[in-house]
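Structure first, then comments.
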Amino acid sequence: MAEAQRTLEGKVALVAGATRGAGRGIAVQLGARGATVYVSGRSTRGKRSEYDRPETIEETAELVTAAGGRGIPVVADHLVPGEVEALVGRIDSEQGRLDVLVNDVWGGELLFEWDSTVWEHDLDKGLRLLRLAVETHAVTSHFALPLLLREPGGLVVEMTDGTAEYNASRYRVSFFYDIAKSSVLRMAFALGHELGPRGGTAVALTPGWLRSEMMLDAFGVKEENWRDALAAVPHFCISETPSYVGRAVAALAADPDVARWNGRSLSSGQLARVYGFTDLDGSRPDTWRYMVEVQDPGRPANATGYR
């Protein structure tokens, strides 16, 4: 990688929930800019989480290193305060700083029920979803932010699904899912008020329709032939790789004027237009504009002009 592109050399990041999906994409792209990236999660080569999937934090860390950074895997359950406190303590001991915190813990794919009312939805699963999607972010911020604020310019990225504008007027999936994603958007707003006067920046960030490992598996395709899924799911034409939102985070982290975004809700497609990055195929998917103008009104799938 050209030296001019290694804009995060010497910077330290924690991507909480980096085992797969957006978290992995973000960790790798931060590494591609030269950052040291701590990748945390519960899935390891020795023990899988309840997802029972093959992706591991060790694999993510290796991908970070291969991209040009330094990946460090740390096993942590972000619902356990002691484990998060120990994780942040390790970063402090080894690096003495934290420049970027990405709160990407989610874990709800196996818990939410589409179009299920609050009285029909499995209560235990719904409450577990809220704990995983909201409480983990609060716990992580509680312990990590004092270290992040030690130096001016720290960045917190709260990962969610949907922009504040889009979600404000639309019911998202189910009661529990809707509350979870809206809560994370509000977290970024609140953190912006707390970090801004202290030299930090907080934003909420959403990818578009993500071609995560789980999504590709659900559609029976690989990244190499993802377009084969369009026969069954035509609007998948607007989808993007995890690297796209990863490049969005890397661009924010490298921006000396990142404070201009403090407290705001952002999307990968929006930031691509501002910072000039693309997805791996050279396109710039703009999912949320596509949703409003094409998918939601029931128009035929056509990504022309949206990527």
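Naming works like this for the structure tokens: A, B, ... for the chains as they're shown, residue 1 at the start of each chain, ligands 1 onward in shown order.
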Exercise. From region 1-205 of chain A, collect each residue whose DSSP state is alpha helix (DSSP H) and return the set as a PyMOL selection string.
Key: chain A and resi 21-32+57-67+81-95+123-130+136-148+164-168+175-195
Practice problem: From a DSSP calculation on the backbone, collect every residue of region 101-159 of chain A in strand (DSSP E or B) and output the set as a count of residues only. | Solution: 8
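Shortest separation to His193 (chain A) among A:Arg48, A:Arg273, A:His78, A:Arg264 occurs at residue A:Arg264, atoms counted being only C-alpha atoms.
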Quiz item: Using only C-alpha atoms, which residues sit within 8 Å of Arg70 (chain A) once same-chain residues fewer than 2 positions away are excluded, as a PyMOL selection string?
Solution: chain A and resi 31+34-37+61+64-65+68+72
Quick one: contact table of region 174-257 of chain A to region 280-295 of chain A, 8 Å max, nearest atom pair and distance in Å to one decimal per residue, counting only C-alpha atoms, chain and number order, as JSON lines?
```
{"residue": "A:Gly208", "atom": "CA", "partner": "A:Thr287", "partner_atom": "CA", "distance": 5.0}
{"residue": "A:Trp209", "atom": "CA", "partner": "A:Thr287", "partner_atom": "CA", "distance": 6.7}
{"residue": "A:His235", "atom": "CA", "partner": "A:Gln295", "partner_atom": "CA", "distance": 7.0}
{"residue": "A:Ile238", "atom": "CA", "partner": "A:Thr287", "partner_atom": "CA", "distance": 6.0}
{"residue": "A:Ser239", "atom": "CA", "partner": "A:Pro285", "partner_atom": "CA", "distance": 7.0}
{"residue": "A:Glu240", "atom": "CA", "partner": "A:Pro285", "partner_atom": "CA", "distance": 6.5}
{"residue": "A:Thr241", "atom": "CA", "partner": "A:Leu280", "partner_atom": "CA", "distance": 7.4}
{"residue": "A:Ser243", "atom": "CA", "partner": "A:Leu280", "partner_atom": "CA", "distance": 7.0}
{"residue": "A:Tyr244", "atom": "CA", "partner": "A:Leu280", "partner_atom": "CA", "distance": 7.2}
```
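The interatomic distance for the pair CA of Ala13 (chain A) and CA of Leu98 (chain A) works out to 6.0 Å.
CA of Trp261 (chain A) to CA of Val203 (chain A) spans 6.7 Å [interatomic distance, one decimal].
The residue set within 8 Å of Leu79 (chain A), counting only C-alpha atoms and dropping same-chain residues fewer than 2 places from it, reads Asp77, Pro81, Arg131, Leu132, Glu135, Thr136 and Val139 of chain A.
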Same residues, N, CA, C and O atoms, saved as a compact mmCIF listing (two decimals), in the first residue's frame:
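And here is the file that came out, part.txt:
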```txt
# COMPACT_ATOMS: atom_id res chain seq x y z
N ASP A 77 -17.02 -11.25 25.97
CA ASP A 77 -18.47 -11.17 25.91
C ASP A 77 -18.82 -9.77 26.39
O ASP A 77 -18.62 -9.44 27.57
N PRO A 81 -19.41 -7.07 32.14
CA PRO A 81 -18.59 -5.88 32.38
C PRO A 81 -17.13 -6.19 32.70
O PRO A 81 -16.22 -5.50 32.23
N ARG A 131 -30.67 -6.78 24.94
CA ARG A 131 -29.43 -6.81 25.72
C ARG A 131 -28.21 -6.84 24.81
O ARG A 131 -27.25 -6.11 25.01
N LEU A 132 -28.26 -7.70 23.79
CA LEU A 132 -27.13 -7.82 22.88
C LEU A 132 -26.91 -6.55 22.06
O LEU A 132 -25.76 -6.15 21.82
N GLU A 135 -27.39 -3.03 25.41
CA GLU A 135 -26.61 -3.08 26.64
C GLU A 135 -25.12 -3.26 26.36
O GLU A 135 -24.27 -2.65 27.03
N THR A 136 -24.78 -4.08 25.37
CA THR A 136 -23.37 -4.30 25.06
C THR A 136 -22.68 -3.00 24.66
O THR A 136 -21.52 -2.75 25.03
N VAL A 139 -22.13 -0.87 27.86
CA VAL A 139 -21.06 -1.42 28.68
C VAL A 139 -19.70 -1.09 28.07
O VAL A 139 -18.76 -0.65 28.76
```
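Pairwise distance (CA of Glu223 (chain A), CA of Asn302 (chain A)) equals 19.8 Å.
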Counting only C-alpha atoms, which residues in region 63-144 of chain A sit no more than 12 Å from region 249-253 of chain A? For each one, give the nearest pair of atoms and the distance in Å, sorted by chain then residue number, as JSON lines.
```
{"residue": "A:Leu98", "atom": "CA", "partner": "A:Ala253", "partner_atom": "CA", "distance": 11.8}
{"residue": "A:Asp99", "atom": "CA", "partner": "A:Ala253", "partner_atom": "CA", "distance": 8.2}
{"residue": "A:Val100", "atom": "CA", "partner": "A:Ala253", "partner_atom": "CA", "distance": 7.0}
{"residue": "A:Leu101", "atom": "CA", "partner": "A:Ala253", "partner_atom": "CA", "distance": 9.9}
{"residue": "A:Val102", "atom": "CA", "partner": "A:Val249", "partner_atom": "CA", "distance": 8.6}
{"residue": "A:Asn103", "atom": "CA", "partner": "A:Val249", "partner_atom": "CA", "distance": 11.7}
{"residue": "A:Asp104", "atom": "CA", "partner": "A:Val249", "partner_atom": "CA", "distance": 11.7}
```
Practice problem: Write out as a PyMOL selection string each polymer residue whose atoms come within 12 Å of Glu194 (chain A), counting only C-alpha atoms; drop sequence neighbours fewer than 3 positions from it. | Solution: chain A and resi 141-142+145-146+149+156+187-191+197-202+262-263
Self-check item: Pick from A:Arg307, A:Lys125, A:Ala76, A:Val173, whichever lies nearest to Ala272 (chain A) using only C-alpha atoms
Solution: A:Arg307
Quiz prompt | Near-Leu147 (chain A) list (9 Å; only C-alpha atoms; drop same-chain fewer than 3 positions) as a PyMOL selection string | solution = chain A and resi 88+91-92+96-99+143-144+150-151
Practice problem: Name the closest residue to Asp161 (chain A) among the candidates A:Leu123, A:Val184, A:Ala229, A:Ala86; distances are taken between atoms, counting only C-alpha atoms. | Solution: A:Val184
